[in-house]
file data.txt (compact mmCIF, C-alpha atoms and all ligand atoms)
# COMPACT_ATOMS: atom_id res chain seq x y z
CA MET H 25 2.75 -4.95 -21.53
CA ALA H 26 2.05 -6.43 -18.10
CA ARG H 27 -0.89 -5.14 -16.10
CA VAL H 28 0.36 -3.88 -12.72
CA LEU H 29 -2.02 -2.90 -9.94
CA SER H 30 -1.81 -1.89 -6.30
CA GLY H 31 -3.89 -0.13 -3.66
CA ILE H 32 -3.19 2.00 -0.62
CA GLN H 33 -5.23 2.88 2.47
CA PRO H 34 -6.44 6.46 2.76
CA THR H 35 -6.35 6.47 6.55
CA GLY H 36 -3.58 8.06 8.54
CA ASP H 37 -0.47 9.64 7.22
CA LYS H 38 1.52 7.69 4.70
CA HIS H 39 4.96 6.85 6.05
CA ILE H 40 8.42 6.12 4.77
CA GLY H 41 7.66 2.37 5.00
CA ASN H 42 4.87 2.81 2.44
CA TYR H 43 7.20 4.79 0.25
CA ILE H 44 10.16 2.43 0.45
CA GLY H 45 8.16 -0.80 0.35
CA ALA H 46 5.63 0.16 -2.28
CA ILE H 47 5.12 3.66 -3.72
CA ARG H 48 8.64 4.23 -5.04
CA HIS H 49 8.38 0.99 -7.04
CA TRP H 50 5.04 2.06 -8.49
CA VAL H 51 6.66 5.26 -9.75
CA VAL H 52 9.20 3.17 -11.67
CA ASP H 53 6.60 0.68 -12.90
CA GLN H 54 4.40 3.32 -14.52
CA ASP H 55 7.00 3.93 -17.22
CA VAL H 56 7.30 0.26 -18.08
CA ASP H 57 3.93 -1.37 -17.58
CA ASP H 58 0.21 -0.71 -17.80
CA CYS H 59 -0.31 0.55 -14.26
CA PHE H 60 -3.40 0.86 -12.09
CA PHE H 61 -3.19 2.43 -8.62
CA PHE H 62 -6.05 3.31 -6.34
CA ILE H 63 -6.95 4.52 -2.88
CA VAL H 64 -8.86 1.85 -0.98
CA ASP H 65 -11.50 3.92 0.78
CA LEU H 66 -13.94 0.99 0.95
CA HIS H 67 -11.31 -1.04 2.79
CA ALA H 68 -10.77 1.90 5.12
CA LEU H 69 -14.36 1.60 6.39
CA THR H 70 -13.30 -1.58 8.21
CA ALA H 71 -11.40 0.62 10.69
CA HIS H 72 -14.44 2.85 11.39
CA PRO H 73 -12.99 6.28 10.51
CA GLY H 74 -15.01 9.46 11.03
CA PRO H 75 -16.73 10.61 7.79
CA ALA H 76 -15.02 14.01 7.58
CA GLU H 77 -11.65 12.48 8.38
CA LEU H 78 -12.08 9.78 5.72
CA ARG H 79 -13.08 12.28 3.02
CA GLU H 80 -10.19 14.57 3.80
CA SER H 81 -7.55 11.89 4.10
CA THR H 82 -8.61 10.30 0.81
CA LEU H 83 -7.81 13.57 -0.94
CA ARG H 84 -4.57 13.98 1.01
CA VAL H 85 -3.36 10.50 0.10
CA ALA H 86 -4.12 11.24 -3.55
CA ALA H 87 -1.91 14.33 -3.26
CA VAL H 88 0.83 12.30 -1.55
CA LEU H 89 0.80 9.73 -4.35
CA MET H 90 1.01 12.39 -7.03
CA ALA H 91 3.74 14.18 -5.08
CA CYS H 92 5.70 10.92 -4.91
CA GLY H 93 5.60 10.86 -8.70
CA LEU H 94 2.53 8.90 -9.75
CA ASP H 95 1.45 10.72 -12.85
CA PRO H 96 -2.21 10.46 -13.92
CA ASP H 97 -1.03 10.73 -17.52
CA ARG H 98 1.19 7.68 -17.21
CA CYS H 99 -0.92 5.50 -14.93
CA THR H 100 -4.56 5.06 -13.98
CA LEU H 101 -5.11 6.58 -10.54
CA TRP H 102 -8.52 6.57 -8.84
CA VAL H 103 -10.56 6.16 -5.68
CA GLN H 104 -11.90 2.63 -5.17
CA SER H 105 -15.47 3.64 -4.24
CA HIS H 106 -15.80 5.65 -7.47
CA VAL H 107 -15.86 2.38 -9.39
CA HIS H 108 -18.79 0.43 -7.95
CA GLU H 109 -17.69 -2.79 -9.67
CA HIS H 110 -15.17 -3.45 -6.87
CA ALA H 111 -17.91 -3.95 -4.28
CA GLU H 112 -20.05 -5.97 -6.69
CA LEU H 113 -17.32 -8.41 -7.62
CA ALA H 114 -16.43 -8.75 -3.93
CA TRP H 115 -19.94 -10.04 -3.26
CA VAL H 116 -19.65 -12.70 -5.95
CA LEU H 117 -16.18 -13.76 -4.76
CA SER H 118 -17.26 -13.89 -1.11
CA ASN H 119 -19.04 -17.10 -2.05
CA LEU H 120 -15.77 -18.68 -3.18
CA ALA H 121 -13.65 -17.69 -0.19
CA ALA H 122 -13.94 -20.16 2.65
CA PHE H 123 -14.75 -19.11 6.21
CA GLY H 124 -11.80 -21.16 7.45
CA GLU H 125 -9.21 -19.56 5.20
CA LEU H 126 -10.42 -16.06 6.02
CA SER H 127 -10.16 -16.94 9.73
CA ARG H 128 -6.48 -17.72 9.21
CA MET H 129 -5.54 -14.30 7.81
CA THR H 130 -2.95 -12.82 10.15
CA GLN H 131 -4.06 -9.24 9.45
CA PHE H 132 -7.57 -10.18 10.49
CA LYS H 133 -6.30 -11.76 13.68
CA ASP H 134 -4.14 -8.71 14.50
CA LYS H 135 -6.72 -6.10 13.67
CA SER H 136 -9.69 -7.87 15.26
CA ALA H 137 -7.76 -8.13 18.53
CA ARG H 138 -7.56 -4.33 18.55
CA GLN H 139 -11.18 -3.49 17.67
CA GLN H 140 -14.25 -3.33 19.87
CA LEU H 141 -16.74 -3.98 17.12
CA VAL H 142 -15.21 -6.55 14.80
CA GLY H 143 -17.29 -6.00 11.68
CA ALA H 144 -18.01 -8.61 9.03
CA GLY H 145 -16.22 -6.21 6.64
CA LEU H 146 -12.96 -6.69 8.51
CA PHE H 147 -13.38 -10.43 8.09
CA THR H 148 -14.08 -10.21 4.35
CA TYR H 149 -11.45 -7.50 3.76
CA PRO H 150 -9.26 -9.93 1.75
CA VAL H 151 -12.20 -10.79 -0.51
CA LEU H 152 -12.60 -7.14 -1.49
CA GLN H 153 -8.87 -7.04 -2.10
CA ALA H 154 -9.13 -10.12 -4.33
CA ALA H 155 -11.91 -8.37 -6.24
CA ASP H 156 -9.74 -5.25 -6.65
CA ILE H 157 -7.01 -7.32 -8.23
CA LEU H 158 -9.02 -9.77 -10.34
CA LEU H 159 -11.32 -7.07 -11.72
CA TYR H 160 -8.43 -5.71 -13.80
CA ARG H 161 -6.91 -9.04 -14.94
CA THR H 162 -3.78 -8.07 -13.06
CA ASP H 163 -0.46 -9.80 -13.78
CA ARG H 164 1.62 -8.27 -10.99
CA VAL H 165 0.85 -6.67 -7.62
CA PRO H 166 3.73 -4.64 -6.13
CA VAL H 167 3.26 -4.57 -2.35
CA GLY H 168 5.17 -4.80 0.93
CA GLU H 169 5.72 -8.06 2.77
CA ASP H 170 2.56 -7.69 4.89
CA GLN H 171 0.36 -8.32 1.85
CA ARG H 172 1.82 -11.70 0.86
CA GLN H 173 -0.94 -13.74 2.49
CA HIS H 174 -3.70 -11.65 0.89
CA LEU H 175 -2.13 -12.26 -2.52
CA GLU H 176 -2.06 -16.00 -1.94
CA LEU H 177 -5.74 -15.94 -1.04
CA THR H 178 -6.46 -13.94 -4.20
CA ARG H 179 -4.79 -16.61 -6.32
CA ASP H 180 -6.69 -19.39 -4.56
CA VAL H 181 -10.02 -17.66 -5.09
CA ALA H 182 -9.22 -16.97 -8.75
CA GLN H 183 -8.24 -20.57 -9.31
CA ARG H 184 -11.41 -21.81 -7.67
CA PHE H 185 -13.52 -19.48 -9.80
CA ASN H 186 -11.76 -20.49 -13.01
CA GLY H 187 -12.13 -24.16 -12.13
CA ARG H 188 -15.82 -23.87 -11.51
CA PHE H 189 -16.92 -21.33 -14.14
CA GLY H 190 -14.21 -21.51 -16.81
CA GLU H 191 -11.03 -19.46 -17.41
CA THR H 192 -11.96 -15.92 -16.45
CA PHE H 193 -9.31 -14.48 -14.16
CA VAL H 194 -5.59 -14.01 -14.57
CA LEU H 195 -3.59 -15.41 -11.62
CA PRO H 196 -1.67 -12.43 -10.20
CA GLU H 197 1.90 -12.57 -8.88
CA ALA H 198 2.93 -10.63 -5.79
CA ALA H 199 6.01 -8.44 -6.41
CA ILE H 200 7.67 -7.92 -3.05
CA PRO H 201 10.99 -6.01 -3.08
CA LYS H 202 14.13 -7.69 -1.72
CA VAL H 203 15.15 -4.65 0.28
CA GLY H 204 12.77 -2.49 2.28
CA ALA H 205 9.65 -4.66 2.04
CA ARG H 206 9.30 -4.39 5.79
CA ILE H 207 10.54 -1.16 7.33
CA MET H 208 10.36 -1.40 11.11
CA ASP H 209 9.04 1.00 13.73
CA LEU H 210 11.79 3.28 15.07
CA GLN H 211 10.51 2.80 18.62
CA ASP H 212 10.03 -0.97 18.29
CA PRO H 213 12.20 -2.72 15.70
CA THR H 214 10.22 -5.94 16.17
CA ALA H 215 7.05 -4.32 14.76
CA LYS H 216 6.55 -3.03 11.22
CA MET H 217 6.30 0.73 10.82
CA SER H 218 2.62 1.55 10.66
CA THR H 219 0.14 4.36 11.09
CA SER H 220 -1.59 2.57 13.91
CA ALA H 221 1.63 2.12 15.93
CA GLU H 222 1.40 2.82 19.62
CA SER H 223 3.98 5.57 19.50
CA PRO H 224 3.75 8.07 16.62
CA GLN H 225 7.45 8.76 17.31
CA GLY H 226 8.30 5.45 15.67
CA THR H 227 6.80 6.40 12.29
CA ILE H 228 8.38 8.87 9.85
CA ASN H 229 5.65 10.29 7.64
CA ILE H 230 6.39 11.19 4.05
CA VAL H 231 5.33 14.80 4.60
CA ASP H 232 6.76 15.26 8.11
CA PRO H 233 8.49 18.62 8.62
CA PRO H 234 12.31 18.32 8.89
CA ASP H 235 12.36 19.00 12.62
CA ASP H 236 9.95 16.15 13.31
CA ILE H 237 12.17 13.82 11.30
CA ARG H 238 15.27 14.95 13.25
CA LYS H 239 13.50 14.34 16.54
CA LYS H 240 12.14 10.91 15.58
CA VAL H 241 15.53 9.73 14.35
CA ARG H 242 17.30 11.13 17.42
CA VAL H 243 15.04 9.22 19.84
CA ALA H 244 14.96 6.02 17.76
CA VAL H 245 15.80 2.99 19.88
CA THR H 246 19.12 1.25 19.20
CA ASP H 247 20.58 -2.15 20.00
CA SER H 248 23.08 -3.08 22.68
CA GLY H 249 26.75 -2.84 21.74
CA ARG H 250 28.14 -0.11 19.51
CA GLU H 251 28.87 -1.76 16.19
CA ILE H 252 27.07 -0.35 13.17
CA VAL H 253 26.19 -3.50 11.25
CA ALA H 254 23.02 -4.91 9.71
CA ARG H 255 22.97 -8.19 11.61
CA GLU H 256 19.99 -10.21 12.75
CA ASP H 257 20.82 -9.63 16.39
CA LYS H 258 20.81 -5.88 15.70
CA PRO H 259 17.29 -5.27 14.35
CA ALA H 260 17.20 -1.56 15.22
CA ILE H 261 20.52 -0.72 13.57
CA ALA H 262 19.74 -2.97 10.59
CA ASN H 263 16.52 -1.01 10.08
CA LEU H 264 18.30 2.36 10.28
CA LEU H 265 20.91 1.12 7.80
CA THR H 266 18.19 -0.07 5.41
CA ILE H 267 16.51 3.34 5.45
CA MET H 268 19.89 5.06 5.07
CA SER H 269 20.77 2.82 2.14
CA VAL H 270 17.54 3.59 0.30
CA ALA H 271 17.74 7.33 1.05
CA THR H 272 21.35 7.67 -0.13
CA GLY H 273 21.50 4.95 -2.78
CA ARG H 274 24.58 3.48 -1.04
CA PRO H 275 24.70 -0.30 -0.52
CA ILE H 276 24.55 -1.46 3.11
CA PRO H 277 28.10 -2.98 3.11
CA ASP H 278 29.49 0.42 2.04
CA LEU H 279 27.66 2.08 4.90
CA GLU H 280 28.92 -0.51 7.39
CA ALA H 281 32.46 0.16 6.23
CA ALA H 282 31.99 3.92 6.36
CA TYR H 283 30.69 3.81 9.95
CA GLU H 284 33.31 1.49 11.31
CA GLY H 285 34.64 2.96 14.54
CA LYS H 286 31.89 5.57 14.65
CA GLY H 287 28.97 5.73 17.09
CA TYR H 288 25.21 5.46 16.87
CA GLY H 289 24.96 9.24 17.25
CA ASP H 290 26.95 9.76 14.04
CA LEU H 291 24.70 7.39 12.13
CA LYS H 292 21.54 9.03 13.45
CA GLY H 293 22.70 12.56 12.64
CA ASP H 294 23.52 11.60 9.06
CA LEU H 295 20.39 9.51 8.68
CA ALA H 296 18.09 12.36 9.70
CA GLU H 297 19.62 14.71 7.14
CA ALA H 298 19.60 12.04 4.42
CA VAL H 299 15.91 11.29 4.99
CA ILE H 300 15.03 15.00 5.04
CA GLU H 301 16.73 15.50 1.67
CA TYR H 302 15.21 12.33 0.27
CA LEU H 303 11.68 13.47 1.15
CA ARG H 304 12.08 17.20 0.56
CA PRO H 305 10.95 17.33 -3.09
CA ILE H 306 7.92 15.18 -2.27
CA ARG H 307 6.88 17.41 0.60
CA GLU H 308 7.24 20.54 -1.53
CA ARG H 309 5.21 19.08 -4.36
CA TYR H 310 2.58 17.92 -1.87
CA GLU H 311 2.10 21.44 -0.54
CA GLU H 312 1.64 22.74 -4.10
CA LEU H 313 -0.89 20.06 -4.97
CA MET H 314 -2.88 20.56 -1.78
CA ALA H 315 -3.32 24.22 -2.71
CA ASP H 316 -5.66 23.09 -5.51
CA PRO H 317 -7.90 20.25 -4.30
CA GLU H 318 -10.27 20.82 -7.22
CA GLU H 319 -7.55 19.75 -9.63
CA ILE H 320 -6.86 16.60 -7.59
CA SER H 321 -10.56 15.69 -7.77
CA ARG H 322 -10.56 16.28 -11.51
CA LEU H 323 -7.58 13.99 -12.05
CA LEU H 324 -9.17 11.30 -9.88
CA GLU H 325 -12.35 11.52 -11.94
CA VAL H 326 -10.39 10.94 -15.14
CA GLY H 327 -8.75 7.93 -13.48
CA ALA H 328 -12.09 6.48 -12.32
CA GLY H 329 -13.39 6.71 -15.88
CA LYS H 330 -10.40 4.82 -17.27
CA ALA H 331 -10.58 2.16 -14.53
CA GLN H 332 -14.30 1.63 -14.90
CA LYS H 333 -13.97 0.82 -18.60
CA VAL H 334 -11.94 -2.26 -17.72
CA ALA H 335 -13.88 -3.12 -14.56
CA ALA H 336 -17.32 -3.00 -16.15
CA GLU H 337 -16.30 -5.40 -18.89
CA VAL H 338 -14.81 -7.96 -16.52
CA LEU H 339 -17.74 -7.74 -14.09
CA ALA H 340 -20.23 -8.29 -16.93
CA GLU H 341 -18.34 -11.41 -17.93
CA VAL H 342 -18.36 -12.68 -14.34
CA TYR H 343 -22.12 -12.08 -13.96
CA GLU H 344 -22.73 -14.01 -17.11
CA ARG H 345 -20.49 -16.90 -16.12
CA VAL H 346 -22.07 -17.39 -12.71
CA GLY H 347 -25.56 -17.34 -14.22
CA LEU H 348 -27.07 -14.06 -13.10
CA LEU H 349 -29.98 -13.36 -15.43
CA PRO H 350 -29.07 -10.41 -17.68
CA ARG H 351 -31.26 -7.34 -17.36
CA ARG H 352 -33.35 -7.04 -20.51
CA GLN H 353 -32.13 -4.23 -22.79
CA ALA H 354 -34.74 -1.46 -22.66
P1 LIG U 401 -1.17 0.60 3.51
O1 LIG U 401 -0.81 1.96 3.99
O2 LIG U 401 -1.34 -0.38 4.65
O3 LIG U 401 -2.30 0.60 2.54
O4 LIG U 401 0.09 0.04 2.71
C1 LIG U 401 0.41 0.48 1.41
C2 LIG U 401 1.59 -0.31 0.88
O5 LIG U 401 2.73 -0.09 1.70
C3 LIG U 401 1.36 -1.82 0.87
O6 LIG U 401 1.91 -2.36 -0.30
C4 LIG U 401 2.12 -2.30 2.08
O7 LIG U 401 2.56 -3.62 1.95
C5 LIG U 401 3.28 -1.33 2.14
N1 LIG U 401 3.77 -1.15 3.52
C6 LIG U 401 3.03 -0.82 4.61
N2 LIG U 401 3.79 -0.75 5.71
C7 LIG U 401 5.07 -1.05 5.31
C8 LIG U 401 6.33 -1.13 5.99
N3 LIG U 401 6.44 -0.91 7.30
N4 LIG U 401 7.42 -1.46 5.24
C9 LIG U 401 7.32 -1.68 3.91
N5 LIG U 401 6.17 -1.62 3.22
C10 LIG U 401 5.05 -1.30 3.89
N1 LIG U 402 -4.64 -4.36 1.84
C1 LIG U 402 -3.72 -3.42 1.24
C2 LIG U 402 -2.94 -2.69 2.32
O1 LIG U 402 -3.37 -2.60 3.44
C3 LIG U 402 -4.43 -2.41 0.37
C4 LIG U 402 -5.10 -3.01 -0.82
C5 LIG U 402 -6.43 -3.11 -1.05
C6 LIG U 402 -4.44 -3.55 -1.96
N2 LIG U 402 -6.68 -3.66 -2.25
C7 LIG U 402 -5.49 -3.95 -2.85
C8 LIG U 402 -3.11 -3.74 -2.32
C9 LIG U 402 -5.20 -4.56 -4.08
C10 LIG U 402 -2.82 -4.35 -3.56
C11 LIG U 402 -3.87 -4.75 -4.43
O2 LIG U 402 -1.91 -2.16 2.05

call {"tool": "encode", "arguments": {"input": "data.txt", "output": "structure tokens"}}
result
Amino acid sequence: MARVLSGIQPTGDKHIGNYIGAIRHWVVDQDVDDCFFFIVDLHALTAHPGPAELRESTLRVAAVLMACGLDPDRCTLWVQSHVHEHAELAWVLSNLAAFGELSRMTQFKDKSARQQLVGAGLFTYPVLQAADILLYRTDRVPVGEDQRQHLELTRDVAQRFNGRFGETFVLPEAAIPKVGARIMDLQDPTAKMSTSAESPQGTINIVDPPDDIRKKVRVAVTDSGREIVAREDKPAIANLLTIMSVATGRPIPDLEAAYEGKGYGDLKGDLAEAVIEYLRPIRERYEELMADPEEISRLLEVGAGKAQKVAAEVLAEVYERVGLLPRRQA
């Protein structure tokens, strides 16, 4: 069985881009492979969240993941900071990642342009991500398109480590879906949908109430002309058709044929209702789960225990290989 692993940020509300590009694939993977999913609260520190907000949103994202269908009985689900080996391996690997290659990371360039205090943690963010992945001898990492460069760096670091200290790490493959790996902002179809978008109207959250979804779809920007086709010169309509296709399970060419001669208003009306129905069961399950936060914490603790078993073993091997003097057994 392949080892599959992926992480998700606890900050902000999770949106339909996260669901379409990543989470829905994880739900499928957990029945096929040996799956590890975690909430990257250590990574979240690079964006300087408030402590209360971080604590609360970590729990909420756990509930969202479970509501989407991640089942702690069928996968290992935990909070990154509960397994201290992530941070420890990141320190070791930070000596194998080059300053120059980290400087070229596009996420670093984007995010550092938007921050007042650009912390060293933001710069070494991809090293912690490499540690997350390598610590579990991961074969496959299902992510959206924006993570491709981080995965390449992970492979480079693993290769360098193996070359210098002997075969230790598995080289992970990125698994990026063909459709929906980059859902765009409804207010700006040239930017990916994201929590940090300038206009919250452009982001449909997984647990948005139906009326919010109707409003966001209604005011979504469109392209010039009136044709409903997923063409490169129609990025807004192509994005709406992609979301519609995922939400209804109908291929894009079918949708194009069905909307021939119809207007943007028709598409938007149908899209809003399709998305509402698509997300409804998740939202309902989320409300139920959030009524019992104690149970969420319990499930996360079980997950941390399972994850740490693997992580501790791999970290011990790494410490030995790099020559850290073992602590004498008492
Ligand atoms: P994040 O919320 O940034 O931790 O992202 C969690 C997962 O969702 C990652 O695998 C991302 O690549 C994916 N993702 C984030 N934004 C989008 C988007 N707009 N379209 C598709 N996938 C996305
Ligand atoms: N950087 C990823 C994101 O923003 C989150 C992440 C952290 C991750 N560690 C990971 C994803 C390990 C996959 C594997 O979405």

call {"tool": "residues_around", "arguments": {"input": "data.txt", "residues": "Arg179 in chain H", "least_positions_apart": "4", "cutoff": "10 Å", "atoms": "all atoms listed in the file", "output": "list of chain:residue names"}}
result
H:Ala154, H:Ile157, H:Leu158, H:His174, H:Leu175, H:Gln183, H:Arg184, H:Phe185, H:Phe193, H:Val194, H:Leu195, H:Pro196, H:Glu197, H:Ala198

call {"tool": "closest_atom_pairs", "arguments": {"input": "data.txt", "of": "chain H", "to": "ligand LIG 402 (chain U)", "cutoff": "10 Å", "atoms": "all atoms listed in the file", "output": "CSV"}}
result
residue,atom,partner,partner_atom,distance
H:Val28,CA,U:LIG402,C11,9.3
H:Leu29,CA,U:LIG402,C11,6.1
H:Ser30,CA,U:LIG402,C10,3.8
H:Gly31,CA,U:LIG402,C6,3.9
H:Ile32,CA,U:LIG402,C3,4.7
H:Gln33,CA,U:LIG402,C3,5.7
H:Pro34,CA,U:LIG402,C3,9.4
H:Asn42,CA,U:LIG402,O2,8.4
H:Ala46,CA,U:LIG402,O2,9.0
H:Phe60,CA,U:LIG402,C11,9.5
H:Phe61,CA,U:LIG402,C11,8.3
H:Phe62,CA,U:LIG402,C7,8.1
H:Ile63,CA,U:LIG402,C5,7.9
H:Val64,CA,U:LIG402,C5,5.5
H:Asp65,CA,U:LIG402,C5,8.9
H:Leu66,CA,U:LIG402,C5,8.8
H:His67,CA,U:LIG402,C5,6.5
H:Ala68,CA,U:LIG402,O1,8.8
H:Gln104,CA,U:LIG402,N2,8.7
H:His110,CA,U:LIG402,N2,9.7
H:Gln131,CA,U:LIG402,O1,9.0
H:Tyr149,CA,U:LIG402,N1,7.7
H:Pro150,CA,U:LIG402,N1,7.2
H:Val151,CA,U:LIG402,N2,9.2
H:Leu152,CA,U:LIG402,N2,6.9
H:Gln153,CA,U:LIG402,N2,4.0
H:Ala154,CA,U:LIG402,C9,6.8
H:Ala155,CA,U:LIG402,C9,8.0
H:Asp156,CA,U:LIG402,C9,5.3
H:Ile157,CA,U:LIG402,C9,5.3
H:Leu158,CA,U:LIG402,C9,9.0
H:Thr162,CA,U:LIG402,C11,9.2
H:Arg164,CA,U:LIG402,C11,9.3
H:Val165,CA,U:LIG402,C10,5.9
H:Pro166,CA,U:LIG402,C10,7.0
H:Val167,CA,U:LIG402,C10,6.2
H:Gly168,CA,U:LIG402,O2,7.6
H:Glu169,CA,U:LIG402,O2,9.7
H:Asp170,CA,U:LIG402,O2,7.7
H:Gln171,CA,U:LIG402,N1,6.4
H:Arg172,CA,U:LIG402,C10,9.8
H:His174,CA,U:LIG402,N1,7.4
H:Leu175,CA,U:LIG402,C11,7.9
H:Thr178,CA,U:LIG402,C9,9.5
H:Pro196,CA,U:LIG402,C11,9.9
H:Ala198,CA,U:LIG402,C10,8.8

call {"tool": "atom_distance", "arguments": {"input": "data.txt", "atom1": "atom O2 of ligand LIG 401 (chain U)", "atom2": "CA of Gly41 in chain H"}}
result
9.4 Å

call {"tool": "atom_distance", "arguments": {"input": "data.txt", "atom1": "CA of Ala282 in chain H", "atom2": "CA of Ala262 in chain H"}}
result
14.7 Å

call {"tool": "atom_distance", "arguments": {"input": "data.txt", "atom1": "CA of Ala340 in chain H", "atom2": "CA of Leu159 in chain H"}}
result
10.4 Å

call {"tool": "axis_aligned_box", "arguments": {"input": "data.txt", "around": "range 194-209 of chain H", "padding_each_side": "4 Å", "output": "JSON"}}
result
{"center_x": 4.8, "center_y": -7.2, "center_z": -0.4, "size_x": 28.7, "size_y": 24.4, "size_z": 36.3}

call {"tool": "closest_residue", "arguments": {"input": "data.txt", "among": "H:Arg309, H:Arg161, H:His49, H:Lys38", "to": "Ser220 in chain H", "atoms": "only C-alpha atoms"}}
result
H:Lys38

call {"tool": "closest_residue", "arguments": {"input": "data.txt", "among": "H:Ile230, H:Lys133, H:Glu222, H:Gln140", "to": "Ile47 in chain H", "atoms": "all atoms listed in the file"}}
result
H:Ile230

call {"tool": "closest_residue", "arguments": {"input": "data.txt", "among": "H:Met217, H:Leu94, H:Val88, H:Cys59", "to": "ligand LIG 401 (chain U)", "atoms": "all atoms listed in the file"}}
result
H:Met217

call {"tool": "closest_residue", "arguments": {"input": "data.txt", "among": "H:Ser321, H:Gln54, H:Thr70, H:Thr192", "to": "Val342 in chain H", "atoms": "all atoms listed in the file"}}
result
H:Thr192

call {"tool": "residues_near_point", "arguments": {"input": "data.txt", "point": "(18.0, 1.4, 3.4)", "cutoff": "10 Å", "atoms": "all atoms listed in the file", "output": "list of chain:residue names"}}
result
H:Ile44, H:Val203, H:Gly204, H:Ile207, H:Ala262, H:Asn263, H:Leu264, H:Leu265, H:Thr266, H:Ile267, H:Met268, H:Ser269, H:Val270, H:Ala271, H:Thr272, H:Gly273, H:Arg274, H:Pro275, H:Ile276, H:Leu279, H:Leu295

call {"tool": "closest_residue", "arguments": {"input": "data.txt", "among": "H:Thr219, H:Asn186, H:Gln332, H:Thr246", "to": "Arg345 in chain H", "atoms": "all atoms listed in the file"}}
result
H:Asn186

call {"tool": "closest_residue", "arguments": {"input": "data.txt", "among": "H:Glu311, H:Asp278, H:Asp37, H:Asp236", "to": "ligand LIG 401 (chain U)", "atoms": "only C-alpha atoms and all ligand atoms"}}
result
H:Asp37

call {"tool": "residues_around", "arguments": {"input": "data.txt", "residues": "Ala87 in chain H", "least_positions_apart": "3", "cutoff": "9 Å", "atoms": "only C-alpha atoms", "output": "list in words"}}
result
Thr82, Leu83, Arg84, Met90, Ala91, Cys92, Arg309, Tyr310, Glu311, Leu313, Met314, Pro317 and Ile320 of chain H

call {"tool": "residues_around", "arguments": {"input": "data.txt", "residues": "range 231-235 of chain H", "least_positions_apart": "2", "cutoff": "6 Å", "atoms": "all atoms listed in the file", "output": "ChimeraX atom specification"}}
result
/H:229,237-238,300,307

call {"tool": "residues_near_point", "arguments": {"input": "data.txt", "point": "(24.3, 10.1, 11.7)", "cutoff": "12 Å", "atoms": "only C-alpha atoms", "output": "PyMOL selection string"}}
result
chain H and resi 238+241-242+244+252+261+264-265+268+279+282-283+286-299
